[in-house]
Structure formats: structure tokens, C-alpha cells
Amino acid sequence: MARTRIVELAHAAGVSVPAAQTAISRLIDREVLEAAQSSTLRVSSAAQQMFERGTRRIFTPRQMSGSDPWCLVAYSLPETLRSLRHQVRKHFLQLGGGMLGSGLWIFPEYLREEVSAVLSALGAREHATLFTAQQPYFPGTPQQAAGQWWDLERLGTLHRAFLESTASLDSSDIAPPSAYRGYVTMVDSWRALPYLDPGLPEFMLPAHWPGDESRERFLALSTAFQESALLFARSLLAS
């Protein structure tokens, strides 16, 4: 894709031309984009795989039922790999993991493959054992356990911020230019949430949890805008 076309797509979504140019340069530096020919760019193969995984996570948000299994991850890293401990913790938090204690994490079972992939990518798979577990026996209430293992206050704040940022979007306005801008804006506001929020079962969540409304809002807007937004993007690229 020509660099100028990428800038036009970004500008149509409300991004200034200088900001778009800067973002493209950063994506090239991070090897997300690479030169295909003298004047065109393409997504690198590694980034393409990352986008494919991200598409599944972002556009099909899941929530556990009360009977769904869990994935427990136990690992022990020697002192010589101290820096790797930080990397594992950072990536596990970004996957939506809950920390039960030092070297012990809990995830929904449906995130097992992603957890295993992260451990392999970091070179820590040989130090970790993954278990499938059924319903835990909590020391207190399920809500208390969830509040200790996950930062639910932060997650709730992020869900409410998404609801506020999309409150003015009109799902009935599917004119291609506005649908495209609304779609890109909405996805940008949402995309981190399905990673940080693992989709805990309802019985573990606080009352009036905003995640349910947030997820429903995203799915409704995505359904309303997607087709018109895609048509607009294709027309812009073909012009």
C-alpha cells in the first residue's frame, strides 16, 4: 500500500497528517510495516500473525460462565533470569491474567494457547507448568478473590471511559465517511480492553459492573458501522 494512502486513511479517521506520518515511521521502526517497493509499505509477516490473533481477541470478546475451567500457571525462574520475571509479569498482565502469588497466575482456560505462546516467545516455557482447574475454593467470597487477583477498579474505569468516549456515536448514521470515522474511533478506544479484561464470570464481579454494557456497546457499534466503514476504506484506496 502506498504511504500516501495510509496517511489518507488516517486523516479520514480524524488523525492529522503530521501525526499520521510520525505513526507510520514508528511502525516501520518497530518492524510492523516494511518496504515492499520504493513507494509502498506492507505489514510484516510477524505483525500479520499478531494482527490475526488480535482480531480474534478484539472482535469476539468472551466471558466465562460459572462452570468454565481455569488455566493455572506455575513457574519458577532462577536468580540469573531475574529480568525475565518482569517480562513474564508484564505480558501476563497484558493478557488479562490474575496473580495469585509469586510465580502463580490464573487465566480463563480459553486463554491457554496465548499464555503458552507468550511463555515460548520469552524463552520461559521450560520453567512453567500449566494446569487445567475447575471451580476454585475461595478463602472468602468470589468477589473478594477477584478483587485481590485482578485490578478491577482500573478495569472498571477503562470500561466507563469507553462508554463515555462512544456515547456520542450514532449507530444509525451509517453514511460511509462517518461510519468509517466512528468505527476507527470506537475500535481504538476498545482494543486494549479485551486483553486486560479476561472476561470473568458474573458471580465474581462487583455489582453494576460496566463491562457488560461496554461489551454490548462495542458489538452493537461494530455491527452497525463495519460494512459501511469497509466500503469507504476500499473506495479511498481505489481512488
# chains A, B, ... in the order shown; residues from 1 in each chain; ligands from 1

call {"tool": "closest_atom_pairs", "arguments": {"of": "range 8-91 of chain A", "to": "range 196-210 of chain A", "cutoff": "12 Å", "atoms": "only C-alpha atoms", "output": "CSV"}}
result
residue,atom,partner,partner_atom,distance
A:Arg57,CA,A:Pro198,CA,10.2
A:Ile58,CA,A:Leu196,CA,10.9
A:Thr60,CA,A:Gly199,CA,11.3
A:Pro61,CA,A:Gly199,CA,7.7
A:Arg62,CA,A:Gly199,CA,5.8
A:Gln63,CA,A:Gly199,CA,4.1
A:Met64,CA,A:Pro201,CA,4.7
A:Ser65,CA,A:Pro201,CA,5.2
A:Gly66,CA,A:Pro201,CA,5.7
A:Ser67,CA,A:Pro201,CA,8.8
A:Asp68,CA,A:Pro201,CA,8.6
A:Pro69,CA,A:Pro201,CA,10.9
A:Trp70,CA,A:Leu200,CA,10.4
A:Cys71,CA,A:Pro198,CA,11.8
A:Lys90,CA,A:Leu196,CA,11.2
A:His91,CA,A:Leu196,CA,10.3

call {"tool": "write_last_selection", "arguments": {"atoms": "N, CA and C atoms", "output": "PDB file, in the first residue's frame"}}
result
ATOM      1  N   ARG A  57      -9.220 -11.705  19.373  1.00  0.00           N
ATOM      2  CA  ARG A  57      -9.399 -11.268  20.760  1.00  0.00           C
ATOM      3  C   ARG A  57     -10.272 -10.017  20.839  1.00  0.00           C
ATOM      4  N   ILE A  58     -10.045  -9.070  19.914  1.00  0.00           N
ATOM      5  CA  ILE A  58     -10.741  -7.779  19.973  1.00  0.00           C
ATOM      6  C   ILE A  58     -12.192  -7.893  19.539  1.00  0.00           C
ATOM      7  N   THR A  60     -14.161 -10.673  19.102  1.00  0.00           N
ATOM      8  CA  THR A  60     -15.003 -11.722  19.681  1.00  0.00           C
ATOM      9  C   THR A  60     -14.734 -11.809  21.182  1.00  0.00           C
ATOM     10  N   PRO A  61     -15.045 -10.739  21.930  1.00  0.00           N
ATOM     11  CA  PRO A  61     -14.803 -10.753  23.375  1.00  0.00           C
ATOM     12  C   PRO A  61     -15.609 -11.857  24.056  1.00  0.00           C
ATOM     13  N   ARG A  62     -14.972 -12.542  24.989  1.00  0.00           N
ATOM     14  CA  ARG A  62     -15.614 -13.676  25.641  1.00  0.00           C
ATOM     15  C   ARG A  62     -15.813 -13.396  27.123  1.00  0.00           C
ATOM     16  N   GLN A  63     -16.764 -14.113  27.704  1.00  0.00           N
ATOM     17  CA  GLN A  63     -16.972 -14.055  29.150  1.00  0.00           C
ATOM     18  C   GLN A  63     -17.200 -15.458  29.652  1.00  0.00           C
ATOM     19  N   MET A  64     -16.558 -15.789  30.749  1.00  0.00           N
ATOM     20  CA  MET A  64     -16.688 -17.112  31.324  1.00  0.00           C
ATOM     21  C   MET A  64     -18.072 -17.331  31.903  1.00  0.00           C
ATOM     22  N   SER A  65     -18.516 -18.571  31.863  1.00  0.00           N
ATOM     23  CA  SER A  65     -19.696 -18.966  32.622  1.00  0.00           C
ATOM     24  C   SER A  65     -19.219 -19.493  33.970  1.00  0.00           C
ATOM     25  N   GLY A  66     -20.157 -19.759  34.848  1.00  0.00           N
ATOM     26  CA  GLY A  66     -19.777 -20.226  36.174  1.00  0.00           C
ATOM     27  C   GLY A  66     -19.137 -21.595  36.180  1.00  0.00           C
ATOM     28  N   SER A  67     -19.315 -22.367  35.099  1.00  0.00           N
ATOM     29  CA  SER A  67     -18.780 -23.729  35.060  1.00  0.00           C
ATOM     30  C   SER A  67     -17.546 -23.873  34.175  1.00  0.00           C
ATOM     31  N   ASP A  68     -17.091 -22.799  33.556  1.00  0.00           N
ATOM     32  CA  ASP A  68     -15.929 -22.881  32.673  1.00  0.00           C
ATOM     33  C   ASP A  68     -14.657 -23.174  33.460  1.00  0.00           C
ATOM     34  N   PRO A  69     -13.728 -23.924  32.880  1.00  0.00           N
ATOM     35  CA  PRO A  69     -12.469 -24.233  33.571  1.00  0.00           C
ATOM     36  C   PRO A  69     -11.489 -23.068  33.543  1.00  0.00           C
ATOM     37  N   TRP A  70     -10.465 -23.198  34.382  1.00  0.00           N
ATOM     38  CA  TRP A  70      -9.421 -22.193  34.505  1.00  0.00           C
ATOM     39  C   TRP A  70      -8.082 -22.790  34.086  1.00  0.00           C
ATOM     40  N   CYS A  71      -7.161 -21.917  33.763  1.00  0.00           N
ATOM     41  CA  CYS A  71      -5.782 -22.314  33.487  1.00  0.00           C
ATOM     42  C   CYS A  71      -4.887 -21.720  34.570  1.00  0.00           C
ATOM     43  N   LYS A  90       4.724  -8.629  33.089  1.00  0.00           N
ATOM     44  CA  LYS A  90       4.156  -7.604  32.216  1.00  0.00           C
ATOM     45  C   LYS A  90       3.257  -8.226  31.156  1.00  0.00           C
ATOM     46  N   HIS A  91       3.720  -9.286  30.523  1.00  0.00           N
ATOM     47  CA  HIS A  91       2.932  -9.910  29.465  1.00  0.00           C
ATOM     48  C   HIS A  91       1.695 -10.615  30.024  1.00  0.00           C
TER      49      HIS A  91
END

call {"tool": "residues_around", "arguments": {"residues": "range 215-224 of chain A", "least_positions_apart": "5", "cutoff": "9 Å", "atoms": "only C-alpha atoms", "output": "short mmCIF file (atom, residue, chain, number, x, y, z; two decimals) with C-alpha atoms, in the first residue's frame"}}
result
data_model
loop_
_atom_site.label_atom_id
_atom_site.label_comp_id
_atom_site.auth_asym_id
_atom_site.auth_seq_id
_atom_site.Cartn_x
_atom_site.Cartn_y
_atom_site.Cartn_z
CA PHE A 59 -13.78 -8.61 17.86
CA THR A 60 -15.00 -11.72 19.68
CA PRO A 61 -14.80 -10.75 23.38
CA HIS A 159 -14.87 0.30 30.65
CA PHE A 162 -15.02 3.52 26.66
CA LEU A 163 -18.72 4.09 27.30
CA THR A 166 -18.60 6.31 22.41
CA LEU A 169 -21.66 7.81 18.29
CA ASP A 170 -24.94 7.27 16.42
CA SER A 171 -25.26 3.68 15.24
CA SER A 172 -27.97 4.74 12.76
CA ASP A 173 -25.55 7.07 10.95
CA ILE A 174 -24.01 4.62 8.51
CA ALA A 179 -19.29 5.20 9.71
CA GLY A 182 -16.87 6.21 14.06
CA TYR A 183 -15.66 2.64 13.53
CA MET A 186 -14.56 3.06 18.51
CA VAL A 187 -12.06 0.25 17.85
CA TRP A 190 -11.84 -0.52 22.79
CA PRO A 194 -10.41 -7.36 25.74
CA PRO A 210 -19.71 -1.72 33.50
#

call {"tool": "select_by_dssp", "arguments": {"residues": "range 17-106 of chain A", "states": "strand (DSSP E)", "output": "PyMOL selection string"}}
result
chain A and resi 33-35+41-43+70-75+98-101+104-106

call {"tool": "select_by_dssp", "arguments": {"residues": "range 153-182 of chain A", "states": "helix (DSSP H, G or I)", "output": "NGL selection string"}}
result
:A and (153-165 or 176-182)

call {"tool": "residues_around", "arguments": {"residues": "Leu236 in chain A", "least_positions_apart": "4", "cutoff": "8 Å", "atoms": "only C-alpha atoms", "output": "list in words"}}
result
Arg5, Glu8, Leu9 and Phe232 of chain A

call {"tool": "closest_residue", "arguments": {"among": "A:Ala35, A:Ala124, A:Leu237, A:Leu155", "to": "Leu93 in chain A", "atoms": "only C-alpha atoms"}}
result
A:Leu155

call {"tool": "atom_distance", "arguments": {"atom1": "CA of Gly101 in chain A", "atom2": "CA of Gly54 in chain A"}}
result
27.8 Å

call {"tool": "atom_distance", "arguments": {"atom1": "CA of Ala161 in chain A", "atom2": "CA of Thr185 in chain A"}}
result
13.1 Å

call {"tool": "residues_around", "arguments": {"residues": "Glu114 in chain A", "least_positions_apart": "4", "cutoff": "9 Å", "atoms": "only C-alpha atoms", "output": "PyMOL selection string"}}
result
chain A and resi 53+95+110+118-119

call {"tool": "residues_around", "arguments": {"residues": "Ala10 in chain A", "least_positions_apart": "6", "cutoff": "8 Å", "atoms": "only C-alpha atoms", "output": "ChimeraX atom specification"}}
result
/A:16-17,20

call {"tool": "closest_atom_pairs", "arguments": {"of": "range 49-168 of chain A", "to": "range 25-34 of chain A", "cutoff": "12 Å", "atoms": "only C-alpha atoms", "output": "Markdown table"}}
result
| residue | atom | partner | partner_atom | distance |
| --- | --- | --- | --- | --- |
| A:Gln49 | CA | A:Val32 | CA | 10.6 |
| A:Met50 | CA | A:Val32 | CA | 9.5 |
| A:Phe51 | CA | A:Val32 | CA | 9.9 |

call {"tool": "atom_distance", "arguments": {"atom1": "CA of Arg3 in chain A", "atom2": "CA of Ser235 in chain A"}}
result
16.3 Å
